[in-house]
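A.B. asks: Input file: query20.cif. Contents: mmCIF, C-alpha atoms.
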```cif
data_structure
loop_
_atom_site.label_atom_id
_atom_site.label_comp_id
_atom_site.auth_asym_id
_atom_site.auth_seq_id
_atom_site.Cartn_x
_atom_site.Cartn_y
_atom_site.Cartn_z
CA MET E 1 33.27 -26.24 19.82
CA LYS E 2 32.22 -29.41 18.06
CA VAL E 3 29.76 -28.59 15.31
CA SER E 4 27.69 -31.17 13.41
CA ILE E 5 25.70 -30.00 10.42
CA GLU E 6 23.96 -32.13 7.83
CA VAL E 7 25.19 -30.49 4.65
CA ASN E 8 23.41 -31.59 1.47
CA GLY E 9 22.35 -34.77 3.25
CA ARG E 10 25.88 -35.61 4.44
CA PRO E 11 26.78 -35.19 8.11
CA VAL E 12 29.82 -32.94 8.60
CA THR E 13 31.28 -32.85 12.09
CA GLU E 14 34.31 -30.81 13.06
CA GLU E 15 35.85 -29.06 16.05
CA VAL E 16 35.92 -25.38 15.03
CA PRO E 17 36.51 -22.07 16.84
CA ASP E 18 33.30 -20.72 18.41
CA ARG E 19 33.42 -17.66 16.16
CA THR E 20 33.39 -19.68 12.91
CA LEU E 21 30.80 -18.36 10.48
CA LEU E 22 28.55 -20.82 8.68
CA VAL E 23 29.91 -19.73 5.29
CA HIS E 24 33.46 -20.56 6.39
CA PHE E 25 32.33 -23.89 7.77
CA LEU E 26 30.74 -24.71 4.41
CA ARG E 27 33.71 -23.58 2.33
CA ASP E 28 36.66 -24.56 4.50
CA THR E 29 35.41 -27.47 6.59
CA ALA E 30 32.86 -29.10 4.31
CA GLY E 31 34.93 -28.17 1.23
CA LEU E 32 31.92 -26.81 -0.65
CA THR E 33 33.18 -23.65 -2.33
CA ALA E 34 30.20 -22.79 -4.56
CA THR E 35 28.78 -20.57 -1.81
CA ASN E 36 30.52 -17.24 -2.31
CA ILE E 37 31.45 -14.54 0.14
CA GLY E 38 30.53 -11.23 -1.44
CA CYS E 39 29.96 -8.18 0.76
CA ASP E 40 30.33 -10.04 4.06
CA THR E 41 27.84 -7.55 5.57
CA THR E 42 24.42 -9.25 5.13
CA SER E 43 23.68 -7.15 2.07
CA CYS E 44 24.53 -8.91 -1.20
CA GLY E 45 23.14 -12.40 -0.68
CA ALA E 46 25.98 -14.20 -2.52
CA CYS E 47 26.37 -16.51 0.50
CA THR E 48 22.67 -17.50 0.61
CA VAL E 49 22.05 -21.13 1.56
CA LEU E 50 19.04 -22.97 2.94
CA LEU E 51 19.01 -23.60 6.71
CA ASP E 52 16.28 -26.10 7.53
CA GLY E 53 14.79 -25.22 4.15
CA GLU E 54 14.76 -21.44 4.63
CA SER E 55 17.08 -19.01 2.84
CA VAL E 56 19.67 -17.36 5.09
CA LYS E 57 22.83 -15.35 4.55
CA SER E 58 25.53 -17.69 5.78
CA CYS E 59 27.97 -14.83 6.47
CA THR E 60 25.63 -13.76 9.28
CA VAL E 61 25.01 -17.11 10.93
CA LEU E 62 27.48 -18.82 13.23
CA ALA E 63 28.33 -22.42 12.42
CA ALA E 64 27.39 -23.05 16.06
CA GLN E 65 23.86 -21.75 15.40
CA ALA E 66 23.47 -24.32 12.63
CA ASP E 67 24.75 -27.15 14.84
CA GLY E 68 22.27 -30.03 14.66
CA HIS E 69 20.46 -28.52 11.70
CA GLU E 70 20.33 -29.13 7.93
CA VAL E 71 21.97 -26.92 5.35
CA THR E 72 21.56 -27.08 1.58
CA THR E 73 24.05 -25.35 -0.73
CA VAL E 74 23.80 -25.05 -4.48
CA GLU E 75 25.94 -28.20 -4.76
CA GLY E 76 23.12 -30.07 -3.04
CA LEU E 77 20.45 -29.08 -5.56
CA SER E 78 21.39 -31.21 -8.54
CA ALA E 79 20.46 -34.86 -8.67
CA VAL E 80 22.99 -37.61 -8.00
CA ASP E 81 23.25 -38.28 -11.73
CA GLY E 82 24.35 -34.67 -12.25
CA ASP E 83 21.06 -33.46 -13.72
CA LEU E 84 20.55 -29.79 -13.00
CA HIS E 85 17.81 -28.66 -10.64
CA LEU E 86 14.85 -26.95 -12.28
CA VAL E 87 16.00 -23.52 -11.10
CA GLN E 88 19.60 -24.12 -12.23
CA ARG E 89 18.37 -25.20 -15.64
CA ALA E 90 16.14 -22.13 -15.93
CA PHE E 91 19.03 -19.80 -15.07
CA ARG E 92 21.03 -21.38 -17.91
CA GLU E 93 18.15 -21.37 -20.39
CA GLN E 94 17.19 -17.77 -19.69
CA HIS E 95 20.79 -16.57 -19.46
CA GLY E 96 20.17 -15.43 -15.87
CA LEU E 97 23.85 -14.84 -15.20
CA GLN E 98 26.90 -13.17 -16.64
CA CYS E 99 29.94 -13.35 -14.38
CA GLY E 100 28.22 -15.92 -12.17
CA PHE E 101 29.43 -14.68 -8.79
CA CYS E 102 25.95 -13.96 -7.42
CA THR E 103 24.44 -17.06 -9.04
CA PRO E 104 24.75 -19.66 -6.25
CA GLY E 105 23.10 -17.28 -3.78
CA MET E 106 20.58 -16.09 -6.34
CA ILE E 107 19.57 -19.67 -7.11
CA MET E 108 19.20 -20.62 -3.44
CA ALA E 109 17.14 -17.50 -2.76
CA SER E 110 14.98 -18.37 -5.78
CA VAL E 111 14.45 -21.94 -4.58
CA SER E 112 13.29 -20.57 -1.21
CA LEU E 113 11.05 -17.99 -2.88
CA LEU E 114 9.39 -20.58 -5.10
CA ALA E 115 8.82 -22.87 -2.12
CA ASP E 116 6.74 -20.10 -0.52
CA ASN E 117 5.24 -18.69 -3.71
CA PRO E 118 5.17 -21.29 -6.50
CA LYS E 119 3.67 -18.98 -9.15
CA PRO E 120 5.10 -15.51 -8.52
CA THR E 121 4.58 -12.50 -10.75
CA ARG E 122 7.64 -10.68 -12.11
CA ASP E 123 7.14 -7.99 -9.45
CA GLU E 124 6.95 -10.61 -6.71
CA VAL E 125 10.20 -12.15 -7.96
CA ARG E 126 11.92 -8.77 -7.83
CA ALA E 127 10.64 -8.13 -4.30
CA GLY E 128 11.46 -11.67 -3.23
CA LEU E 129 15.05 -11.37 -4.43
CA GLU E 130 15.67 -7.91 -2.96
CA GLY E 131 18.29 -9.41 -0.67
CA ASN E 132 20.45 -10.56 -3.59
CA LEU E 133 22.56 -8.17 -5.61
CA CYS E 134 23.74 -8.76 -9.19
CA ARG E 135 26.13 -6.25 -10.70
CA CYS E 136 25.99 -7.66 -14.26
CA THR E 137 22.57 -8.56 -15.53
CA GLY E 138 20.25 -5.75 -14.50
CA TYR E 139 18.10 -8.59 -13.08
CA HIS E 140 15.86 -8.90 -16.14
CA ASN E 141 16.96 -12.39 -17.12
CA ILE E 142 17.18 -13.50 -13.50
CA VAL E 143 13.49 -12.65 -13.11
CA SER E 144 12.78 -14.51 -16.37
CA ALA E 145 14.66 -17.54 -15.04
CA VAL E 146 12.56 -17.69 -11.87
CA ILE E 147 9.35 -17.28 -13.89
CA ASP E 148 10.54 -20.07 -16.21
CA ALA E 149 11.43 -22.32 -13.26
CA SER E 150 7.92 -21.78 -11.87
CA GLY E 151 6.49 -23.29 -15.04
CA GLN E 152 4.97 -20.02 -16.23
CA GLU E 153 5.33 -18.51 -19.67
CA VAL E 154 8.20 -16.04 -19.77
CA ASP E 155 6.69 -12.77 -20.96
CA ARG E 156 9.45 -10.33 -21.76
CA MET G 157 35.38 -10.33 8.52
CA ILE G 158 35.42 -12.54 11.57
CA PRO G 159 34.22 -11.58 15.05
CA ALA G 160 36.69 -11.27 17.91
CA SER G 161 36.99 -14.48 19.91
CA PHE G 162 34.21 -15.28 22.34
CA GLN G 163 32.89 -18.28 24.17
CA TYR G 164 29.65 -19.65 22.75
CA LEU G 165 27.08 -20.83 25.29
CA ARG G 166 23.77 -22.34 24.25
CA ALA G 167 20.75 -22.13 26.52
CA SER G 168 18.13 -24.84 26.21
CA THR G 169 15.58 -23.21 28.54
CA VAL G 170 14.76 -19.65 29.59
CA ASP G 171 15.92 -20.48 33.12
CA GLU G 172 19.25 -21.72 31.80
CA ALA G 173 19.65 -18.53 29.76
CA LEU G 174 18.95 -16.46 32.87
CA SER G 175 21.51 -18.34 34.96
CA LEU G 176 24.14 -17.98 32.19
CA LEU G 177 23.43 -14.25 32.05
CA ALA G 178 23.57 -14.01 35.84
CA ALA G 179 26.96 -15.74 35.79
CA HIS G 180 28.52 -13.64 33.03
CA GLY G 181 26.60 -10.35 33.31
CA ASP G 182 28.31 -7.45 31.57
CA ASP G 183 30.67 -9.73 29.65
CA ALA G 184 27.84 -11.57 27.89
CA LYS G 185 25.53 -10.71 25.03
CA VAL G 186 22.32 -12.53 24.17
CA LEU G 187 22.25 -14.02 20.67
CA ALA G 188 18.72 -14.40 19.24
CA GLY G 189 18.62 -14.35 15.43
CA GLY G 190 21.94 -12.52 15.38
CA HIS G 191 21.05 -10.15 12.56
CA SER G 192 21.87 -7.02 14.52
CA LEU G 193 24.53 -8.43 16.82
CA LEU G 194 26.67 -10.52 14.45
CA PRO G 195 27.22 -7.69 11.92
CA LEU G 196 28.35 -5.46 14.81
CA MET G 197 30.67 -8.18 16.06
CA LYS G 198 32.14 -8.72 12.59
CA LEU G 199 32.89 -4.99 12.43
CA ARG G 200 34.39 -5.31 15.94
CA LEU G 201 31.97 -2.65 17.18
CA ALA G 202 30.91 -5.25 19.73
CA ALA G 203 33.23 -7.81 21.26
CA PRO G 204 31.48 -9.69 24.06
CA GLU G 205 33.41 -12.38 25.92
CA TYR G 206 30.41 -14.68 26.00
CA LEU G 207 27.51 -15.22 23.64
CA VAL G 208 24.42 -16.76 25.18
CA ASP G 209 22.51 -18.29 22.27
CA ILE G 210 18.78 -18.42 22.99
CA GLY G 211 17.92 -19.25 19.36
CA SER G 212 16.67 -22.73 20.16
CA LEU G 213 14.17 -21.64 22.82
CA ASP G 214 11.01 -22.50 20.91
CA GLU G 215 9.02 -21.73 24.07
CA LEU G 216 9.54 -18.03 23.19
CA ARG G 217 8.04 -18.35 19.70
CA TYR G 218 4.28 -17.79 19.74
CA VAL G 219 1.50 -15.31 19.09
CA ARG G 220 -1.58 -15.68 21.30
CA LEU G 221 -4.74 -13.75 21.94
CA GLU G 222 -5.18 -13.51 25.72
CA GLY G 223 -8.42 -11.68 26.53
CA ASP G 224 -8.15 -8.34 24.76
CA GLU G 225 -4.34 -8.48 24.56
CA VAL G 226 -2.03 -9.99 21.97
CA ALA G 227 1.02 -11.74 23.46
CA ILE G 228 4.04 -12.25 21.20
CA GLY G 229 6.99 -14.43 22.20
CA ALA G 230 10.20 -12.42 21.93
CA LEU G 231 11.90 -14.98 19.68
CA SER G 232 9.18 -14.91 17.03
CA ARG G 233 10.79 -14.43 13.65
CA TYR G 234 9.63 -11.80 11.18
CA SER G 235 8.88 -14.52 8.60
CA ALA G 236 6.44 -16.11 11.07
CA LEU G 237 4.89 -12.82 12.22
CA VAL G 238 4.18 -11.62 8.69
CA GLN G 239 1.74 -14.49 8.13
CA ASP G 240 0.56 -15.18 11.67
CA PRO G 241 -3.27 -15.40 11.67
CA VAL G 242 -3.68 -14.01 15.21
CA LEU G 243 -1.44 -11.06 14.42
CA LEU G 244 -3.14 -10.43 11.06
CA ALA G 245 -6.52 -10.36 12.80
CA HIS G 246 -5.63 -8.43 15.97
CA ALA G 247 -2.41 -6.48 15.33
CA PRO G 248 -2.13 -6.17 11.54
CA LEU G 249 0.34 -3.26 11.76
CA LEU G 250 2.96 -5.54 13.32
CA ALA G 251 2.42 -8.26 10.73
CA HIS G 252 2.75 -5.72 7.94
CA VAL G 253 5.85 -4.05 9.37
CA SER G 254 7.49 -7.44 9.99
CA GLY G 255 7.26 -8.05 6.25
CA LEU G 256 9.18 -4.84 5.51
CA VAL G 257 12.25 -5.51 7.65
CA GLY G 258 15.43 -6.24 5.67
CA ASP G 259 14.91 -8.92 3.03
CA ARG G 260 13.56 -12.49 2.99
CA GLN G 261 16.81 -13.99 4.29
CA VAL G 262 16.94 -11.49 7.15
CA ARG G 263 13.28 -12.13 7.99
CA HIS G 264 13.99 -15.88 8.23
CA ARG G 265 16.44 -15.20 11.08
CA GLY G 266 15.62 -11.85 12.71
CA THR G 267 13.35 -11.77 15.77
CA ILE G 268 11.02 -9.12 17.11
CA GLY G 269 12.66 -9.25 20.55
CA GLY G 270 16.13 -8.93 19.07
CA SER G 271 15.13 -5.83 17.14
CA LEU G 272 13.54 -4.17 20.18
CA VAL G 273 16.44 -4.91 22.50
CA HIS G 274 18.90 -3.64 19.90
CA ALA G 275 16.89 -0.36 20.08
CA ASP G 276 17.99 1.15 16.78
CA ALA G 277 15.90 4.27 16.12
CA ALA G 278 16.19 3.58 12.38
CA ALA G 279 14.59 0.13 12.69
CA ASP G 280 10.94 -0.50 11.82
CA LEU G 281 9.70 -2.47 14.83
CA PRO G 282 10.49 -0.03 17.68
CA ALA G 283 8.28 2.74 16.26
CA ALA G 284 5.52 0.24 15.49
CA ILE G 285 5.68 -1.07 19.06
CA LEU G 286 5.53 2.48 20.36
CA ALA G 287 2.46 3.28 18.25
CA SER G 288 0.90 0.00 19.43
CA ASP G 289 1.18 1.06 23.10
CA ALA G 290 2.90 -2.23 23.87
CA ILE G 291 4.23 -3.58 27.15
CA LEU G 292 7.59 -5.36 27.11
CA VAL G 293 7.93 -8.25 29.54
CA ALA G 294 11.42 -9.02 30.85
CA ARG G 295 12.60 -11.79 33.13
CA GLY G 296 15.63 -11.55 35.39
CA PRO G 297 17.10 -12.86 38.62
CA SER G 298 14.47 -11.01 40.69
CA GLY G 299 11.54 -12.16 38.60
CA GLU G 300 9.43 -10.60 35.89
CA ARG G 301 8.79 -6.93 35.18
CA ARG G 302 6.69 -5.10 32.65
CA ILE G 303 8.05 -2.04 30.89
CA PRO G 304 5.78 0.20 28.81
CA ALA G 305 7.16 0.79 25.30
CA ALA G 306 7.20 4.52 26.05
CA GLU G 307 9.82 3.85 28.76
CA PHE G 308 11.84 1.24 26.89
CA PHE G 309 13.93 3.28 24.47
CA LEU G 310 16.25 5.33 26.65
CA GLY G 311 18.79 6.40 24.03
CA PRO G 312 20.54 5.13 20.91
CA PHE G 313 20.89 1.35 21.36
CA THR G 314 20.02 1.74 25.05
CA THR G 315 17.18 0.11 27.00
CA PRO G 316 16.42 -0.26 30.72
CA LEU G 317 17.20 -4.00 30.59
CA GLU G 318 19.85 -5.11 33.07
CA PRO G 319 22.67 -7.36 31.81
CA ALA G 320 21.05 -10.36 33.51
CA GLU G 321 17.56 -9.66 32.13
CA LEU G 322 15.96 -11.22 29.09
CA LEU G 323 13.08 -9.80 27.06
CA THR G 324 10.61 -12.66 26.85
CA GLU G 325 7.31 -11.26 25.59
CA ILE G 326 5.67 -8.29 23.93
CA ARG G 327 2.04 -7.57 24.86
CA LEU G 328 -0.24 -5.10 23.19
CA PRO G 329 -3.91 -4.20 23.26
CA ALA G 330 -5.76 -5.93 20.42
CA GLN G 331 -6.15 -3.42 17.60
CA THR G 332 -9.32 -4.95 16.23
CA GLY G 333 -11.23 -2.36 14.24
CA GLN G 334 -8.58 0.35 14.57
CA GLY G 335 -7.16 1.94 11.45
CA TRP G 336 -3.45 1.49 10.89
CA GLY G 337 -0.80 2.53 8.44
CA TYR G 338 2.93 2.32 7.86
CA GLU G 339 5.09 4.34 5.52
CA LYS G 340 8.85 4.47 5.20
CA PHE G 341 11.25 6.00 2.75
CA THR G 342 14.50 4.26 1.87
CA ARG G 343 17.30 5.04 -0.53
CA ARG G 344 17.63 1.45 -1.75
CA ALA G 345 15.49 -1.65 -1.32
CA ILE G 346 16.94 -3.10 1.88
CA ASP G 347 18.25 0.08 3.51
CA TRP G 348 17.18 1.35 6.89
CA ALA G 349 14.50 4.01 6.61
CA MET G 350 15.58 7.63 6.23
CA ALA G 351 12.30 8.25 7.99
CA GLY G 352 9.24 6.17 8.72
CA VAL G 353 5.83 6.52 10.35
CA ALA G 354 3.66 3.93 12.09
CA VAL G 355 0.02 4.72 12.89
CA VAL G 356 -2.50 2.75 14.96
CA GLY G 357 -5.74 4.43 15.92
CA GLY G 358 -4.73 7.93 16.99
CA ARG G 359 -1.15 7.01 17.91
CA VAL G 360 1.79 7.92 15.68
CA GLY G 361 5.31 6.44 16.01
CA LEU G 362 8.29 7.91 14.16
CA VAL G 363 11.28 5.99 12.75
CA ASN G 364 14.70 7.67 12.63
CA LEU G 365 13.59 11.16 13.64
CA GLY G 366 15.92 11.21 16.67
CA GLY G 367 18.18 9.01 18.73
CA VAL G 368 15.20 6.94 19.85
CA PRO G 369 11.88 6.04 18.24
CA LEU G 370 9.44 8.86 19.03
CA ARG G 371 5.73 9.52 19.30
CA ALA G 372 4.52 12.46 17.20
CA THR G 373 2.70 13.96 20.18
CA ALA G 374 1.76 17.27 18.52
CA THR G 375 0.11 15.34 15.69
CA GLU G 376 -1.67 13.01 18.12
CA GLU G 377 -3.00 15.94 20.17
CA ALA G 378 -4.20 17.76 17.05
CA LEU G 379 -6.02 14.63 15.86
CA ALA G 380 -7.61 14.17 19.27
CA ALA G 381 -8.78 17.80 19.12
CA GLY G 382 -10.45 17.14 15.77
CA ALA G 383 -7.87 18.53 13.32
CA SER G 384 -7.84 17.30 9.73
CA ILE G 385 -5.24 14.75 8.64
CA GLU G 386 -3.42 17.42 6.63
CA ASP G 387 -3.26 19.87 9.55
CA ALA G 388 -2.24 17.20 12.07
CA ALA G 389 0.43 15.75 9.78
CA ALA G 390 1.98 19.18 9.33
CA LEU G 391 2.96 18.99 13.03
CA ALA G 392 4.66 15.58 12.79
CA ALA G 393 8.23 16.89 12.97
CA GLU G 394 7.67 19.03 16.08
CA GLY G 395 10.00 18.10 18.89
CA THR G 396 12.09 15.76 16.72
CA ASN G 397 15.85 15.81 16.43
CA PRO G 398 16.66 13.81 13.31
CA PRO G 399 20.17 12.82 12.24
CA ASP G 400 21.81 15.23 9.80
CA GLU G 401 23.70 13.36 7.11
CA PRO G 402 24.87 14.20 3.59
CA HIS G 403 22.34 11.93 1.87
CA ALA G 404 19.47 13.02 4.12
CA THR G 405 19.68 16.28 6.02
CA ALA G 406 17.75 16.87 9.21
CA GLU G 407 15.39 19.25 7.40
CA TYR G 408 14.76 16.71 4.66
CA ARG G 409 13.91 14.07 7.25
CA ARG G 410 11.48 16.48 8.94
CA HIS G 411 9.87 17.01 5.54
CA LEU G 412 9.63 13.24 5.09
CA ALA G 413 8.07 12.90 8.55
CA ARG G 414 5.28 15.32 7.60
CA VAL G 415 4.62 13.72 4.21
CA LEU G 416 4.80 10.13 5.46
CA THR G 417 2.61 10.93 8.47
CA ARG G 418 -0.06 12.33 6.16
CA ARG G 419 0.09 9.18 4.01
CA ALA G 420 0.08 6.81 6.97
CA LEU G 421 -2.88 8.64 8.55
CA GLN G 422 -4.75 8.46 5.24
CA GLN G 423 -4.06 4.71 5.10
CA ALA G 424 -5.31 4.35 8.66
CA ALA G 425 -8.46 6.34 7.86
CA SER G 426 -9.17 4.13 4.84
CA ARG G 427 -8.86 1.01 7.02
CA SER G 428 -10.87 2.06 10.07
#
```
Just dump the structure as structure tokens.

C.D. replies:
Amino acid sequence: MKVSIEVNGRPVTEEVPDRTLLVHFLRDTAGLTATNIGCDTTSCGACTVLLDGESVKSCTVLAAQADGHEVTTVEGLSAVDGDLHLVQRAFREQHGLQCGFCTPGMIMASVSLLADNPKPTRDEVRAGLEGNLCRCTGYHNIVSAVIDASGQEVDR
Amino acid sequence: MIPASFQYLRASTVDEALSLLAAHGDDAKVLAGGHSLLPLMKLRLAAPEYLVDIGSLDELRYVRLEGDEVAIGALSRYSALVQDPVLLAHAPLLAHVSGLVGDRQVRHRGTIGGSLVHADAAADLPAAILASDAILVARGPSGERRIPAAEFFLGPFTTPLEPAELLTEIRLPAQTGQGWGYEKFTRRAIDWAMAGVAVVGGRVGLVNLGGVPLRATATEEALAAGASIEDAAALAAEGTNPPDEPHATAEYRRHLARVLTRRALQQAASRS
């Protein structure tokens, strides 16, 4: 079917098989490969993007379901001049990543969390990111990054 | 993993969804949020020829107080239910349980109707619906029918809905002033419950203690006869037939049922 999705503000229209998953549409059709495929079973959150502003796991959404809607990937967060988004900058400052595989999904989930809860506690960050797995960091610095991005003092 | 090929059909009204289902019947599956169906299709455990996507039917997304009943549109998403003011005031158990399903991403997509129709005994909503004494409203070619929750879960992943029927609404008596509680035990954060217990008033629903969500009738009868919470909770596993698996044996799940029932009843008592 013909699918039109506004990806990071740019309309992407393509004839794709009905069974195309959103994550494949983003990576293969839109050419945006920052969104990773991790577990492919709705568990790890590496493929998290924003669909109409809400975090979703793009391995478990059909491209057809996003037809006519807006999607934001991590590539769409930074400003046109290349400046990092607040959350991206905080992940770098707080060393909220090691291998980096979970990071695009982790950042998109964090952006969604902060939109709903602008000043979360460390416990609320952990609960809010329960759908995103990181096998490197032990989460400590990821939580610090979200606290930092929220403008709160990072209390280790 | 990619699902087997299917033809995607999008309904823009309930009537259109019903006529698509009538046309394709057994070969079609209804796609709501897709968070039960799509994982099954990716594993090739389900391979429908047609998907009827009802995800854009905003007419099925609402929570309303109608007299002394709460009416919930079947396509209401967990993320909306968890903060819905009508639900928080008149059916707080369902709002609370909606916030415990999966994770935030799942709650942005998953729908209450999708969960009920999927009829997984390990899911949170079916037991909560059972404890809430809800009525499920379905529409089909021959009109509308109302199915009590107690008659809705026929077996694992099996409901009385016909292939051409669509669950459109969930209705339950307003729970204003009734104590409620919910407890579940999971191995990891976003896992399905090994066991769970939903309590509203004197009704107790059990998660994952058999092939279908169950009422803990022995506990309910003991409570009605004036037994203490401890004595009533000790009966919670009677008549259950929980799955027996290496990480949670049937006996362990029965133990969890008794402990979690006691805790959920204590919560309910503290809130009534």

A.B. asks: Taking only C-alpha atoms into account and nothing else, which residues of chain G lie no more than 10 Å away from chain E? Please answer as a compact mmCIF listing (two decimals) with C-alpha atoms, in the coordinates of the input.

C.D. replies:
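Below is the file that was written, selection.txt:
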```
# COMPACT_ATOMS: atom_id res chain seq x y z
CA MET G 157 35.38 -10.33 8.52
CA ILE G 158 35.42 -12.54 11.57
CA PRO G 159 34.22 -11.58 15.05
CA ALA G 160 36.69 -11.27 17.91
CA SER G 161 36.99 -14.48 19.91
CA PHE G 162 34.21 -15.28 22.34
CA GLN G 163 32.89 -18.28 24.17
CA TYR G 164 29.65 -19.65 22.75
CA LEU G 165 27.08 -20.83 25.29
CA ARG G 166 23.77 -22.34 24.25
CA LEU G 187 22.25 -14.02 20.67
CA ALA G 188 18.72 -14.40 19.24
CA GLY G 189 18.62 -14.35 15.43
CA GLY G 190 21.94 -12.52 15.38
CA HIS G 191 21.05 -10.15 12.56
CA SER G 192 21.87 -7.02 14.52
CA LEU G 193 24.53 -8.43 16.82
CA LEU G 194 26.67 -10.52 14.45
CA PRO G 195 27.22 -7.69 11.92
CA LEU G 196 28.35 -5.46 14.81
CA MET G 197 30.67 -8.18 16.06
CA LYS G 198 32.14 -8.72 12.59
CA LEU G 199 32.89 -4.99 12.43
CA LEU G 207 27.51 -15.22 23.64
CA ASP G 209 22.51 -18.29 22.27
CA ILE G 210 18.78 -18.42 22.99
CA GLY G 211 17.92 -19.25 19.36
CA SER G 212 16.67 -22.73 20.16
CA SER G 235 8.88 -14.52 8.60
CA GLY G 258 15.43 -6.24 5.67
CA ASP G 259 14.91 -8.92 3.03
CA ARG G 260 13.56 -12.49 2.99
CA GLN G 261 16.81 -13.99 4.29
CA VAL G 262 16.94 -11.49 7.15
CA ARG G 263 13.28 -12.13 7.99
CA HIS G 264 13.99 -15.88 8.23
CA ARG G 265 16.44 -15.20 11.08
CA ARG G 344 17.63 1.45 -1.75
CA ALA G 345 15.49 -1.65 -1.32
CA ILE G 346 16.94 -3.10 1.88
CA ASP G 347 18.25 0.08 3.51
```

A.B. asks: Expressed in Å to a single decimal, how great is the separation between CA of Thr137 (chain E) and CA of Phe91 (chain E)?

C.D. replies: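 Taking CA of Thr137 (chain E) and CA of Phe91 (chain E), their separation equals 11.8 Å.
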
A.B. asks: My list of candidates is G:Pro316, G:Ile326, G:Ile285, G:Trp336. Which is closest to Gly269 (chain G) when distances are computed with all atoms listed in the file?

C.D. replies: G:Ile326

A.B. asks: Between G:Ala404, G:Ala374, G:Leu322, G:Val415, which residue has the minimum interatomic distance to Glu300 (chain G), considering only C-alpha atoms?

C.D. replies: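 Using only C-alpha atoms, Glu300 (chain G) sits closest to G:Leu322.
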
A.B. asks: The residues within 12 Å of (8.9, -10.8, -12.2), using only C-alpha atoms and the coordinates of the file, should be reported as a ChimeraX atom specification; which are they?

C.D. replies: /E:110,113,119-130,139-150,152-156

A.B. asks: Save out the residues we just selected, C-alpha atoms, as a short mmCIF file (atom, residue, chain, number, x, y, z; two decimals), in the frame of the given file.

C.D. replies:
```cif
data_model
loop_
_atom_site.label_atom_id
_atom_site.label_comp_id
_atom_site.auth_asym_id
_atom_site.auth_seq_id
_atom_site.Cartn_x
_atom_site.Cartn_y
_atom_site.Cartn_z
CA SER E 110 14.98 -18.37 -5.78
CA LEU E 113 11.05 -17.99 -2.88
CA LYS E 119 3.67 -18.98 -9.15
CA PRO E 120 5.10 -15.51 -8.52
CA THR E 121 4.58 -12.50 -10.75
CA ARG E 122 7.64 -10.68 -12.11
CA ASP E 123 7.14 -7.99 -9.45
CA GLU E 124 6.95 -10.61 -6.71
CA VAL E 125 10.20 -12.15 -7.96
CA ARG E 126 11.92 -8.77 -7.83
CA ALA E 127 10.64 -8.13 -4.30
CA GLY E 128 11.46 -11.67 -3.23
CA LEU E 129 15.05 -11.37 -4.43
CA GLU E 130 15.67 -7.91 -2.96
CA TYR E 139 18.10 -8.59 -13.08
CA HIS E 140 15.86 -8.90 -16.14
CA ASN E 141 16.96 -12.39 -17.12
CA ILE E 142 17.18 -13.50 -13.50
CA VAL E 143 13.49 -12.65 -13.11
CA SER E 144 12.78 -14.51 -16.37
CA ALA E 145 14.66 -17.54 -15.04
CA VAL E 146 12.56 -17.69 -11.87
CA ILE E 147 9.35 -17.28 -13.89
CA ASP E 148 10.54 -20.07 -16.21
CA ALA E 149 11.43 -22.32 -13.26
CA SER E 150 7.92 -21.78 -11.87
CA GLN E 152 4.97 -20.02 -16.23
CA GLU E 153 5.33 -18.51 -19.67
CA VAL E 154 8.20 -16.04 -19.77
CA ASP E 155 6.69 -12.77 -20.96
CA ARG E 156 9.45 -10.33 -21.76
#
```

A.B. asks: Here's the selection I'm unsure about, the PyMOL selection byres ((chain E and resi 25-32) around 9); applied to the file above, which residues does it give, as a PyMOL selection string?

C.D. replies: chain E and resi 7+12-14+16+20-24+33-36+58+62-63+73+75

A.B. asks: Counting all atoms listed in the file, which of G:Ala179, G:Thr169, G:Ile228, G:Thr373 gets nearest to Leu213 (chain G)?

C.D. replies: G:Thr169

A.B. asks: I'd like the neighbourhood of Glu307 (chain G) as a list of chain:residue names, where a residue qualifies if any of its atoms comes within 10 Å (using only C-alpha atoms), though same-chain residues fewer than 2 positions away should be ignored.

C.D. replies: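 The residues satisfying every condition are G:Leu286, G:Ile291, G:Leu292, G:Ile303, G:Pro304, G:Ala305, G:Phe309, G:Leu310, G:Thr315, G:Pro316.
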
A.B. asks: If we count all atoms listed in the file, what is near Leu244 (chain G) at a cut-off of 12 Å, once residues fewer than 5 positions away on the same chain are taken out, given as a count of residues only?

C.D. replies: 20

A.B. asks: Using the chain letters and numbers from this file, what does the PyMOL selection byres ((chain E and resi 85) around 12) select? Give the answer as a CSV table (one decimal) with C-alpha atoms, keeping the file's coordinate frame.

C.D. replies:
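Written output follows (result_14.csv):
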```
chain,number,residue,atom,x,y,z
E,74,VAL,CA,23.8,-25.0,-4.5
E,75,GLU,CA,25.9,-28.2,-4.8
E,76,GLY,CA,23.1,-30.1,-3.0
E,77,LEU,CA,20.4,-29.1,-5.6
E,78,SER,CA,21.4,-31.2,-8.5
E,79,ALA,CA,20.5,-34.9,-8.7
E,80,VAL,CA,23.0,-37.6,-8.0
E,81,ASP,CA,23.2,-38.3,-11.7
E,82,GLY,CA,24.4,-34.7,-12.2
E,83,ASP,CA,21.1,-33.5,-13.7
E,84,LEU,CA,20.6,-29.8,-13.0
E,86,LEU,CA,14.8,-27.0,-12.3
E,87,VAL,CA,16.0,-23.5,-11.1
E,88,GLN,CA,19.6,-24.1,-12.2
E,89,ARG,CA,18.4,-25.2,-15.6
E,90,ALA,CA,16.1,-22.1,-15.9
E,91,PHE,CA,19.0,-19.8,-15.1
E,92,ARG,CA,21.0,-21.4,-17.9
E,107,ILE,CA,19.6,-19.7,-7.1
E,108,MET,CA,19.2,-20.6,-3.4
E,110,SER,CA,15.0,-18.4,-5.8
E,111,VAL,CA,14.4,-21.9,-4.6
E,149,ALA,CA,11.4,-22.3,-13.3
```
